[in-house]
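> This is structure31.cif, which holds mmCIF, C-alpha atoms:
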data_work
loop_
_atom_site.label_atom_id
_atom_site.label_comp_id
_atom_site.auth_asym_id
_atom_site.auth_seq_id
_atom_site.Cartn_x
_atom_site.Cartn_y
_atom_site.Cartn_z
CA MET A 1 122.99 -44.45 123.39
CA ILE A 2 122.68 -44.80 127.16
CA TRP A 3 118.91 -45.27 127.03
CA LYS A 4 119.28 -48.05 124.47
CA VAL A 5 121.45 -49.95 126.96
CA PHE A 6 118.87 -49.15 129.63
CA LEU A 7 116.06 -50.45 127.42
CA PHE A 8 118.04 -53.62 126.67
CA LEU A 9 118.63 -54.26 130.38
CA LEU A 10 115.00 -53.49 131.24
CA LEU A 11 113.54 -55.82 128.62
CA SER A 12 116.02 -58.59 129.51
CA PHE A 13 115.04 -58.28 133.17
CA VAL A 14 111.32 -58.39 132.29
CA LEU A 15 111.89 -61.39 130.05
CA ILE A 16 113.84 -63.33 132.69
CA ALA A 17 111.61 -62.31 135.58
CA GLY A 18 108.40 -62.91 133.68
CA ILE A 19 109.41 -66.43 132.64
CA ALA A 20 111.50 -67.61 135.57
CA PHE A 21 109.81 -66.28 138.70
CA PRO A 22 107.59 -68.99 140.19
CA ILE A 23 103.86 -68.78 140.88
CA VAL A 24 103.05 -70.08 144.38
CA ASN A 25 99.96 -70.22 146.56
CA LYS A 26 101.18 -67.98 149.35
CA PRO A 27 103.96 -65.70 148.11
CA SER A 28 106.44 -64.86 150.88
CA LEU A 29 109.72 -64.19 149.06
CA TRP A 30 110.21 -61.07 146.95
CA TYR A 31 110.37 -62.93 143.65
CA GLU A 32 107.24 -65.06 144.03
CA PHE A 33 103.99 -64.35 142.19
CA PRO A 34 100.55 -65.05 143.70
CA PHE A 35 98.26 -67.78 142.38
CA ILE A 36 95.27 -66.13 140.67
CA LYS A 37 92.18 -68.32 140.60
CA GLY A 38 91.10 -69.04 137.03
CA LEU A 39 94.47 -68.09 135.55
CA GLY A 40 96.92 -70.31 137.42
CA GLN A 41 100.34 -70.84 135.82
CA ASN A 42 99.08 -69.33 132.55
CA ALA A 43 99.04 -65.93 134.24
CA LYS A 44 102.63 -65.27 133.14
CA ILE A 45 101.52 -64.42 129.62
CA ILE A 46 100.19 -61.17 131.04
CA PHE A 47 103.74 -59.75 130.84
CA PHE A 48 103.89 -60.27 127.08
CA HIS A 49 100.31 -60.43 125.80
CA VAL A 50 98.91 -57.33 127.49
CA PRO A 51 101.72 -54.97 126.33
CA THR A 52 101.28 -56.06 122.70
CA ALA A 53 97.51 -55.53 122.88
CA TRP A 54 98.07 -52.17 124.56
CA LEU A 55 100.54 -51.11 121.84
CA THR A 56 98.09 -52.18 119.12
CA VAL A 57 95.65 -49.59 120.42
CA ILE A 58 98.36 -46.97 121.06
CA ALA A 59 99.66 -47.37 117.51
CA PHE A 60 96.17 -47.05 116.11
CA LEU A 61 95.56 -43.96 118.25
CA MET A 62 98.80 -42.34 117.06
CA SER A 63 98.04 -43.21 113.47
CA THR A 64 94.69 -41.45 113.85
CA ILE A 65 96.18 -38.42 115.61
CA TYR A 66 98.70 -37.92 112.81
CA SER A 67 95.93 -38.46 110.25
CA ILE A 68 93.98 -35.60 111.84
CA LYS A 69 97.17 -33.53 111.86
CA TYR A 70 97.71 -34.27 108.17
CA LEU A 71 94.17 -33.20 107.28
CA ARG A 72 94.71 -29.89 109.13
CA LYS A 73 98.21 -29.01 107.92
CA LYS A 74 98.60 -31.09 104.72
CA ASN A 75 102.19 -31.93 105.65
CA LEU A 76 103.31 -35.23 104.12
CA ASP A 77 105.63 -35.91 107.09
CA ASP A 78 102.56 -36.43 109.26
CA ASP A 79 101.35 -39.03 106.77
CA ALA A 80 104.69 -40.84 107.08
CA LYS A 81 104.34 -40.80 110.88
CA SER A 82 100.81 -42.17 110.67
CA TYR A 83 101.89 -44.86 108.21
CA SER A 84 104.84 -45.91 110.35
CA ALA A 85 102.61 -46.14 113.45
CA ALA A 86 100.13 -48.31 111.58
CA GLN A 87 102.92 -50.58 110.29
CA LEU A 88 104.02 -51.23 113.87
CA GLY A 89 100.40 -51.51 114.95
CA ILE A 90 99.68 -54.41 112.61
CA ILE A 91 102.82 -56.23 113.82
CA PHE A 92 101.77 -55.86 117.46
CA CYS A 93 98.19 -56.76 116.53
CA ILE A 94 99.37 -60.03 114.97
CA LEU A 95 101.58 -60.69 118.02
CA ALA A 96 98.67 -60.05 120.41
CA THR A 97 96.44 -62.37 118.37
CA ILE A 98 99.03 -65.15 118.38
CA THR A 99 99.99 -64.89 122.07
CA GLY A 100 96.31 -64.65 122.97
CA SER A 101 95.34 -67.72 121.00
CA VAL A 102 98.29 -69.71 122.40
CA TRP A 103 97.09 -68.76 125.88
CA SER A 104 93.51 -69.69 125.03
CA LYS A 105 94.69 -73.12 123.83
CA PHE A 106 95.98 -73.85 127.34
CA ALA A 107 93.29 -72.00 129.29
CA TRP A 108 90.16 -72.84 127.31
CA GLY A 109 91.25 -75.82 125.22
CA SER A 110 91.04 -74.34 121.72
CA PHE A 111 93.02 -71.80 119.74
CA TRP A 112 90.00 -69.85 118.52
CA ASN A 113 86.38 -69.84 119.63
CA TRP A 114 85.04 -66.33 118.84
CA ASP A 115 85.20 -65.00 122.33
CA PRO A 116 84.21 -61.27 122.30
CA ARG A 117 87.88 -60.31 122.74
CA GLN A 118 88.91 -62.52 119.86
CA THR A 119 86.18 -60.99 117.70
CA SER A 120 87.40 -57.50 118.57
CA ILE A 121 91.07 -58.21 117.82
CA PHE A 122 89.98 -59.85 114.57
CA ALA A 123 88.07 -56.69 113.66
CA LEU A 124 91.17 -54.63 114.42
CA LEU A 125 93.25 -56.86 112.14
CA LEU A 126 90.63 -56.39 109.41
CA ILE A 127 90.73 -52.61 109.84
CA TYR A 128 94.53 -52.55 109.56
CA GLY A 129 94.37 -54.85 106.53
CA ALA A 130 91.74 -52.71 104.81
CA TRP A 131 93.78 -49.57 105.54
CA PHE A 132 96.89 -51.02 103.89
CA ALA A 133 94.81 -52.28 100.97
CA LEU A 134 93.46 -48.75 100.47
CA ARG A 135 96.94 -47.24 100.65
CA SER A 136 98.36 -49.65 98.09
CA ALA A 137 95.49 -48.93 95.70
CA ILE A 138 96.27 -45.20 95.32
CA GLU A 139 99.43 -44.00 93.62
CA GLN A 140 99.27 -40.23 93.93
CA GLU A 141 100.83 -39.26 97.26
CA GLU A 142 98.56 -36.42 98.41
CA LYS A 143 95.42 -38.29 97.46
CA ARG A 144 96.67 -41.42 99.20
CA ALA A 145 97.47 -39.47 102.36
CA THR A 146 94.10 -37.69 102.43
CA LEU A 147 91.91 -40.71 101.72
CA SER A 148 93.77 -43.02 104.10
CA ALA A 149 93.63 -40.33 106.80
CA VAL A 150 89.86 -40.07 106.39
CA TYR A 151 89.50 -43.84 106.50
CA ALA A 152 91.71 -44.09 109.59
CA ILE A 153 89.54 -41.57 111.42
CA ILE A 154 86.29 -43.30 110.43
CA ALA A 155 87.74 -46.67 111.47
CA PHE A 156 89.04 -45.29 114.75
CA ILE A 157 85.67 -43.97 115.85
CA THR A 158 84.09 -47.38 115.35
CA VAL A 159 86.87 -49.18 117.21
CA PRO A 160 85.67 -48.24 120.74
CA PHE A 161 82.70 -50.52 120.06
CA PHE A 162 85.09 -53.44 119.79
CA ILE A 163 87.82 -52.68 122.28
CA PHE A 164 85.96 -51.04 125.12
CA ILE A 165 82.23 -51.72 124.94
CA MET A 166 81.65 -55.15 123.43
CA PRO A 167 84.11 -57.28 125.48
CA ARG A 168 82.78 -55.80 128.70
CA ILE A 169 79.05 -56.19 128.07
CA MET A 170 79.11 -59.61 126.41
CA THR A 171 79.63 -62.74 128.44
CA GLY A 172 82.96 -64.31 127.57
CA LEU A 173 85.86 -66.33 128.87
CA HIS A 174 88.54 -63.67 128.65
CA PRO A 175 89.61 -62.20 132.02
CA GLY A 176 87.70 -58.97 132.55
CA SER A 177 84.46 -60.01 130.78
CA ALA A 178 81.02 -59.15 132.14
CA ASP A 179 80.46 -62.43 133.98
CA ASP A 180 84.02 -62.98 135.13
CA THR A 181 84.15 -63.77 138.83
CA ASN A 182 87.49 -65.58 139.09
CA ALA A 183 90.15 -63.33 137.65
CA GLY A 184 88.17 -60.08 137.63
CA PRO A 185 90.11 -56.87 137.23
CA VAL A 186 93.41 -58.73 137.29
CA VAL A 187 95.82 -55.85 137.49
CA SER A 188 94.47 -53.89 140.42
CA PHE A 189 93.22 -56.50 142.88
CA LYS A 190 94.64 -59.93 142.25
CA MET A 191 98.30 -59.19 141.58
CA ASN A 192 100.72 -58.57 144.41
CA SER A 193 103.13 -55.67 144.32
CA ASN A 194 106.08 -57.43 142.66
CA MET A 195 103.84 -58.83 139.92
CA GLN A 196 102.40 -55.36 139.34
CA LEU A 197 105.91 -53.91 139.26
CA ILE A 198 107.10 -56.35 136.59
CA PHE A 199 103.86 -55.88 134.65
CA TYR A 200 104.27 -52.11 134.57
CA LEU A 201 108.01 -52.42 133.80
CA SER A 202 107.12 -54.65 130.86
CA LEU A 203 104.49 -52.15 129.71
CA THR A 204 107.03 -49.29 129.93
CA GLY A 205 109.75 -51.30 128.20
CA PHE A 206 107.54 -52.29 125.29
CA THR A 207 106.22 -48.75 124.95
CA ILE A 208 109.76 -47.31 124.77
CA LEU A 209 110.62 -50.00 122.24
CA TYR A 210 107.57 -49.01 120.22
CA PHE A 211 108.48 -45.32 120.19
CA TRP A 212 112.05 -46.12 119.16
CA MET A 213 110.88 -48.32 116.29
CA TRP A 214 108.29 -45.73 115.29
CA ARG A 215 110.90 -42.96 115.07
CA LEU A 216 113.19 -45.15 112.97
CA GLY A 217 110.23 -46.09 110.78
CA TYR A 218 108.96 -42.63 109.95
CA LYS A 219 112.45 -41.17 109.49
CA SER A 220 113.32 -43.88 106.97
CA ILE A 221 110.05 -43.29 105.10
CA ILE A 222 110.71 -39.54 104.89
CA LEU A 223 114.31 -40.14 103.71
CA LEU A 224 113.14 -42.65 101.13
CA THR A 225 110.65 -40.20 99.58
CA LYS A 226 113.37 -37.51 99.57
CA PHE A 227 115.79 -39.74 97.65
CA GLN A 228 113.08 -40.74 95.21
CA LEU A 229 112.37 -37.06 94.54
CA LYS A 230 116.10 -36.43 93.97
CA ASP A 231 116.29 -39.33 91.51
CA GLN A 232 113.31 -38.00 89.62
CA ASN A 233 114.87 -34.53 89.45
CA LYS A 234 118.13 -36.01 88.14
CA GLN A 235 116.33 -37.85 85.38
CA LEU A 236 114.52 -34.67 84.40
CA MET B 1 66.32 -27.96 99.56
CA LYS B 2 69.23 -28.18 97.13
CA SER B 3 70.00 -31.69 98.33
CA TYR B 4 66.48 -32.66 97.25
CA TYR B 5 67.30 -31.55 93.70
CA LEU B 6 70.47 -33.61 93.81
CA PHE B 7 68.45 -36.56 94.97
CA SER B 8 65.90 -36.09 92.19
CA LYS B 9 68.75 -35.90 89.65
CA ASP B 10 70.03 -39.25 90.92
CA TYR B 11 66.51 -40.61 90.97
CA HIS B 12 65.83 -39.66 87.35
CA SER B 13 69.14 -41.00 86.07
CA GLU B 14 68.48 -44.19 88.01
CA ILE B 15 64.98 -44.52 86.54
CA ARG B 16 66.44 -44.05 83.07
CA THR B 17 69.00 -46.88 83.31
CA ARG B 18 67.71 -48.87 86.33
CA TYR B 19 71.27 -50.11 86.84
CA ALA B 20 71.32 -50.12 90.65
CA ILE B 21 67.77 -51.41 91.07
CA ASN B 22 68.19 -54.25 88.58
CA SER B 23 71.53 -55.36 89.98
CA LEU B 24 70.18 -55.18 93.53
CA ILE B 25 67.12 -57.29 92.73
CA MET B 26 69.21 -59.86 90.87
CA PHE B 27 71.75 -59.92 93.68
CA ILE B 28 69.07 -60.53 96.32
CA ILE B 29 67.63 -63.38 94.26
CA VAL B 30 71.08 -64.92 93.70
CA ALA B 31 72.13 -64.62 97.34
CA VAL B 32 68.88 -66.06 98.71
CA SER B 33 68.88 -68.92 96.22
CA VAL B 34 72.50 -69.78 97.07
CA ILE B 35 71.46 -70.03 100.72
CA LEU B 36 68.41 -72.11 99.79
CA PHE B 37 70.48 -74.50 97.63
CA SER B 38 73.10 -74.91 100.34
CA ILE B 39 70.61 -75.82 103.06
CA GLY B 40 68.64 -78.19 100.81
CA ASN B 41 65.77 -79.79 102.67
CA GLU B 42 67.11 -79.01 106.15
CA ARG B 43 65.02 -76.87 108.44
CA VAL B 44 66.98 -73.81 109.45
CA PRO B 45 66.57 -72.85 113.13
CA GLY B 46 65.37 -69.32 113.86
CA ASN B 47 68.67 -68.08 115.31
CA LEU B 48 70.48 -68.99 112.07
CA THR B 49 67.97 -67.17 109.86
CA ALA B 50 68.69 -63.92 111.74
CA GLY B 51 72.39 -64.22 110.83
CA LEU B 52 71.66 -65.27 107.24
CA TYR B 53 69.26 -62.33 106.89
CA TRP B 54 72.11 -59.90 107.65
CA VAL B 55 74.52 -61.78 105.35
CA VAL B 56 72.15 -61.16 102.45
CA ILE B 57 71.62 -57.53 103.48
CA PHE B 58 75.37 -56.87 103.73
CA PHE B 59 76.29 -58.34 100.36
CA SER B 60 73.32 -56.80 98.55
CA ALA B 61 74.23 -53.41 100.01
CA MET B 62 77.81 -53.89 98.85
CA SER B 63 76.68 -54.62 95.30
CA GLY B 64 74.25 -51.71 94.98
CA LEU B 65 75.21 -48.81 97.23
CA GLY B 66 78.74 -48.27 95.93
CA ARG B 67 77.34 -46.66 92.80
CA ALA B 68 76.51 -43.39 94.58
CA PHE B 69 79.81 -41.64 93.92
CA ILE B 70 81.48 -44.05 91.49
CA SER B 71 78.86 -43.18 88.85
CA GLU B 72 79.73 -39.48 89.16
CA GLU B 73 83.43 -40.19 88.65
CA GLU B 74 82.76 -42.49 85.70
CA ARG B 75 80.57 -39.93 83.93
CA GLY B 76 83.01 -37.16 84.80
CA THR B 77 80.29 -35.08 86.46
CA SER B 78 81.90 -34.71 89.88
CA MET B 79 83.58 -31.42 88.87
CA THR B 80 80.20 -29.92 87.94
CA LEU B 81 78.78 -30.99 91.28
CA GLN B 82 81.70 -29.37 93.06
CA LEU B 83 80.94 -26.10 91.26
CA ILE B 84 77.21 -25.94 91.82
CA ALA B 85 76.80 -27.30 95.34
CA SER B 86 78.51 -27.31 98.73
CA PRO B 87 79.99 -30.63 99.89
CA SER B 88 77.40 -31.18 102.62
CA THR B 89 74.59 -30.71 100.09
CA VAL B 90 76.12 -33.31 97.80
CA LEU B 91 76.51 -35.73 100.69
CA SER B 92 72.91 -35.16 101.84
CA GLY B 93 71.58 -35.85 98.38
CA LYS B 94 73.57 -39.05 98.07
CA ILE B 95 72.59 -40.18 101.58
CA ILE B 96 68.88 -39.62 100.84
CA PHE B 97 69.21 -41.64 97.63
CA ASN B 98 71.03 -44.47 99.38
CA LEU B 99 68.56 -44.43 102.29
CA ILE B 100 65.63 -44.96 99.94
CA LEU B 101 67.56 -47.67 98.10
CA VAL B 102 68.43 -49.45 101.37
CA PHE B 103 64.88 -49.28 102.71
CA ALA B 104 63.42 -50.61 99.46
CA MET B 105 66.06 -53.35 99.32
CA ASN B 106 65.51 -54.46 102.90
CA ILE B 107 61.74 -54.47 102.61
CA VAL B 108 62.11 -56.80 99.60
CA ILE B 109 64.60 -59.00 101.48
CA THR B 110 62.35 -59.21 104.55
CA PHE B 111 59.39 -60.06 102.34
CA ILE B 112 61.31 -62.82 100.52
CA TYR B 113 62.64 -64.17 103.81
CA SER B 114 59.26 -64.39 105.48
CA ILE B 115 57.93 -66.32 102.46
CA LEU B 116 60.86 -68.72 102.03
CA PHE B 117 61.98 -69.44 105.60
CA GLU B 118 59.32 -70.94 107.83
CA GLU B 119 61.33 -70.25 110.98
CA PHE B 120 61.71 -66.54 110.19
CA VAL B 121 58.70 -65.48 112.24
CA ILE B 122 58.89 -62.13 114.00
CA GLN B 123 57.40 -62.21 117.51
CA ASN B 124 58.20 -58.65 118.57
CA TYR B 125 57.23 -56.41 115.63
CA ILE B 126 58.01 -53.10 117.34
CA LEU B 127 61.57 -54.13 118.19
CA PHE B 128 62.08 -55.45 114.67
CA ILE B 129 60.86 -52.20 113.08
CA ILE B 130 62.99 -49.97 115.36
CA ASN B 131 66.05 -52.09 114.59
CA PHE B 132 65.14 -52.10 110.90
CA ILE B 133 65.01 -48.29 110.76
CA LEU B 134 68.14 -47.64 112.86
CA GLY B 135 70.15 -50.37 111.13
CA ASN B 136 69.21 -49.14 107.67
CA ILE B 137 70.20 -45.57 108.46
CA GLY B 138 73.63 -46.72 109.70
CA LEU B 139 74.10 -48.98 106.68
CA ALA B 140 73.18 -46.25 104.18
CA VAL B 141 75.38 -43.57 105.78
CA SER B 142 78.48 -45.77 106.13
CA ALA B 143 78.02 -47.14 102.62
CA THR B 144 77.80 -43.60 101.22
CA ILE B 145 80.96 -42.28 102.88
CA ILE B 146 82.99 -45.39 101.95
CA SER B 147 81.65 -45.08 98.43
CA ALA B 148 83.03 -41.53 98.31
CA ILE B 149 86.48 -42.76 99.40
CA ILE B 150 86.43 -45.55 96.82
CA ALA B 151 85.32 -43.22 94.03
CA LYS B 152 88.28 -40.89 94.70
CA ALA B 153 90.65 -43.86 94.94
CA GLY B 154 90.10 -44.55 91.26
CA SER B 155 86.91 -46.64 91.40
CA LYS B 156 88.55 -49.78 92.70
CA GLY B 157 85.33 -51.78 92.95
CA THR B 158 86.84 -54.78 94.70
CA LEU B 159 88.03 -52.61 97.59
CA TYR B 160 84.50 -51.55 98.48
CA PRO B 161 83.41 -54.57 100.56
CA VAL B 162 86.95 -54.81 102.03
CA LEU B 163 86.78 -51.26 103.37
CA SER B 164 83.13 -51.41 104.40
CA PHE B 165 83.18 -54.64 106.35
CA PRO B 166 85.28 -53.53 109.38
CA ILE B 167 83.32 -50.27 109.59
CA LEU B 168 79.95 -52.03 109.37
CA LEU B 169 80.89 -54.89 111.70
CA PRO B 170 79.61 -53.33 114.98
CA LEU B 171 76.34 -52.45 113.27
CA ILE B 172 75.88 -55.88 111.71
CA LEU B 173 76.76 -57.77 114.89
CA THR B 174 74.35 -55.76 117.05
CA SER B 175 71.59 -55.68 114.45
CA ALA B 176 71.82 -59.43 113.90
CA LYS B 177 71.49 -59.86 117.66
CA LEU B 178 68.47 -57.55 117.75
CA THR B 179 66.85 -59.45 114.86
CA LEU B 180 67.40 -62.61 116.86
CA PHE B 181 65.75 -60.94 119.87
CA SER B 182 62.73 -59.98 117.80
CA ILE B 183 62.44 -63.57 116.51
CA ASP B 184 62.68 -64.91 120.05
CA GLY B 185 60.13 -62.37 121.27
CA THR B 186 62.37 -60.55 123.75
CA SER B 187 60.74 -57.42 125.18
CA ILE B 188 62.09 -54.00 124.26
CA ASN B 189 63.22 -53.34 127.85
CA ASP B 190 65.72 -56.19 127.60
CA ALA B 191 67.10 -54.90 124.31
CA VAL B 192 67.58 -51.24 125.26
CA PHE B 193 71.37 -51.57 125.49
CA GLU B 194 71.73 -53.02 121.98
CA LEU B 195 69.33 -50.42 120.58
CA ALA B 196 71.43 -47.71 122.21
CA ILE B 197 74.58 -49.08 120.55
CA VAL B 198 72.93 -49.00 117.11
CA ALA B 199 71.58 -45.48 117.73
CA CYS B 200 75.04 -44.29 118.89
CA TYR B 201 76.58 -45.84 115.80
CA ASP B 202 74.16 -43.90 113.58
CA VAL B 203 74.86 -40.60 115.33
CA ILE B 204 78.65 -41.11 115.23
CA MET B 205 78.60 -42.15 111.58
CA VAL B 206 76.40 -39.25 110.45
CA SER B 207 78.48 -36.62 112.24
CA ALA B 208 81.81 -38.11 111.14
CA SER B 209 80.63 -38.32 107.52
CA TYR B 210 79.61 -34.67 107.42
CA MET B 211 82.86 -33.57 109.07
CA LEU B 212 85.18 -35.64 106.88
CA PHE B 213 83.38 -35.41 103.54
CA ASP B 214 84.93 -31.99 102.75
CA PHE B 215 88.41 -33.54 102.73
CA ILE B 216 87.38 -36.37 100.41
CA TRP B 217 85.37 -34.24 98.03
CA LYS B 218 87.80 -31.35 97.42
CA ASP B 219 90.79 -32.46 95.39
#
As a first step, turn the structure in this file into structure tokens.


Amino acid sequence: MIWKVFLFLLLSFVLIAGIAFPIVNKPSLWYEFPFIKGLGQNAKIIFFHVPTAWLTVIAFLMSTIYSIKYLRKKNLDDDAKSYSAAQLGIIFCILATITGSVWSKFAWGSFWNWDPRQTSIFALLLIYGAWFALRSAIEQEEKRATLSAVYAIIAFITVPFFIFIMPRIMTGLHPGSADDTNAGPVVSFKMNSNMQLIFYLSLTGFTILYFWMWRLGYKSIILLTKFQLKDQNKQL
Amino acid sequence: MKSYYLFSKDYHSEIRTRYAINSLIMFIIVAVSVILFSIGNERVPGNLTAGLYWVVIFFSAMSGLGRAFISEEERGTSMTLQLIASPSTVLSGKIIFNLILVFAMNIVITFIYSILFEEFVIQNYILFIINFILGNIGLAVSATIISAIIAKAGSKGTLYPVLSFPILLPLILTSAKLTLFSIDGTSINDAVFELAIVACYDVIMVSASYMLFDFIWKD
């Protein structure tokens, strides 16, 4: 219980600090953020957009890890864990896409222009969509778990092309692209210490939130299958 | 050697019905003529033909390559295959069959393209051929493993392009870029990075397919 209160306080602080703290040219007070060239006032979205994108990848990674675990042990609980992680992953993926395209409207002037990062998040959305389509197509539980685990692994090994290689070698407008001279590696060099602190607090807060939601998700899936089994046994 | 016999079995049953070959040829004709109708009398610039070339390749592959495992499930022969051969042998046989199908299909598509599109002129033949070989290997291997998943999922034909597209996207994007390079006449030294990505994709896909096929194949 105590850590839920802690999480609530942490996320409220991040929310208030991220929105309300001003961005000034020469930060002198403890609550002022520095002005990053090329990002300007839009830089504040970093507290909400980057954690969602980070959790998209974490969720996908966990879904794959539990898929591998399922293929080794054939325990249906692992499949529930993988499914729950992917369910959260697609929510965070949609959130990252929306916050990113809102930011790009103000930074670049259009909601969508096939920047390498936008292409890669679009590919991630497609992978999640295809994965859920595959799961809904199969009715038998073991078969569904095995086939979707295999597909998750195959999809995960092609994802590094999108997330890590392509946005960094192709020229693009997103901060951190190959030809980016203004914002550059934003986190390590251009932020001052209080901005970094709030950024990492936000990352921690969202990650704890994710793990909490994930635990609730897979436990409810496992309980649901248990009750369904009981019902079937009663009818028999 | 056993995988060769599996391939020849597929080859003979294909020659008998000519289902995949006929549907592939018709699909190529339909796809190219749709593109030709939609552009009318406009002249298509060279960079667009590279993209359109891979559109036709992707959709033709989706119509023809899915048969590899679905046909076994439909005829009810997958159990026999499980008894007489190890999973990797089955996969090798299917991959060889799909490789030959993809190479034949893409040679036909390239031939049709160079006749119909005036702007589709290759300047750097070596780059085009390297990309052609690497891209086709990746396409055939990914198509085969997805086909195995689909076949076990109850032959849901409509799912095949849905599942294949995200997996094939890195390959198609890079290969389309390399085709554009070979139309522009870029030297191989400038395209080494893209060629490395396609080669990596092939290696990753081949190893992952052989590792994961056991789980798909054994019920």

> Apply the PyMOL selection byres ((chain B and resi 99-112) around 9) to the file shown and report the selected residues as a PyMOL selection string.

chain B and resi 20-21+24-25+28-29+32+53+56-57+60-61+64-65+94-98+113-117+132-133+136-137+139-141

> Once the PyMOL selection byres ((chain A and resi 124-137) around 10) has been applied to the shown file, what residues remain in the selection, as a ChimeraX atom specification?

/A:56-57,60,83,86-87,89-91,93-94,97,118-123,138-141,143-145,147-149,151-152,155-156,159,162-163 /B:149-150,153-156,159-167

> Take the PyMOL selection byres ((chain B and resi 190-201) around 8), apply it to the structure above, and return the hits as number ranges by chain.

A: 158; B: 131, 134-135, 138, 171, 174-175, 178, 181, 186-189, 202-205

> Considering only C-alpha atoms, can you say which of A:Ile165, A:Ile23, A:Leu9, A:Leu95 comes closest to chain B?

A:Ile165

> Take the point (115.8, -53.1, 130.6) in the file's coordinates, draw a sphere of radius 12 Å around it, and report as a PyMOL selection string every protein, DNA or RNA residue with an atom inside or on it, counting all atoms listed in the file.

chain A and resi 2-17+198+201-209

> Would you compute the distance between CA of Ser67 (chain A) and CA of Trp217 (chain B)? Give it in Å to one decimal.

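Distance between the two atoms: 16.7 Å.
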
> Could you tell me how far CA of Asn194 (chain A) sits from CA of Gly18 (chain A), in Å to one decimal place?

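Separating CA of Gly18 (chain A) from CA of Asn194 (chain A) is a distance of 10.8 Å.
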
> For each of A:Ile154, A:Ile46, A:Ile68, A:Ile222, take the minimum atom-to-atom distance to chain B, counting only C-alpha atoms, then give the residue where this is smallest.

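Ranked by minimum distance to chain B, first place goes to A:Ile154.
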
> Report the distance between CA of Tyr4 (chain B) and CA of Met26 (chain B) in Å, rounded to one decimal place.

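Distance reported for this atom pair: 28.1 Å.
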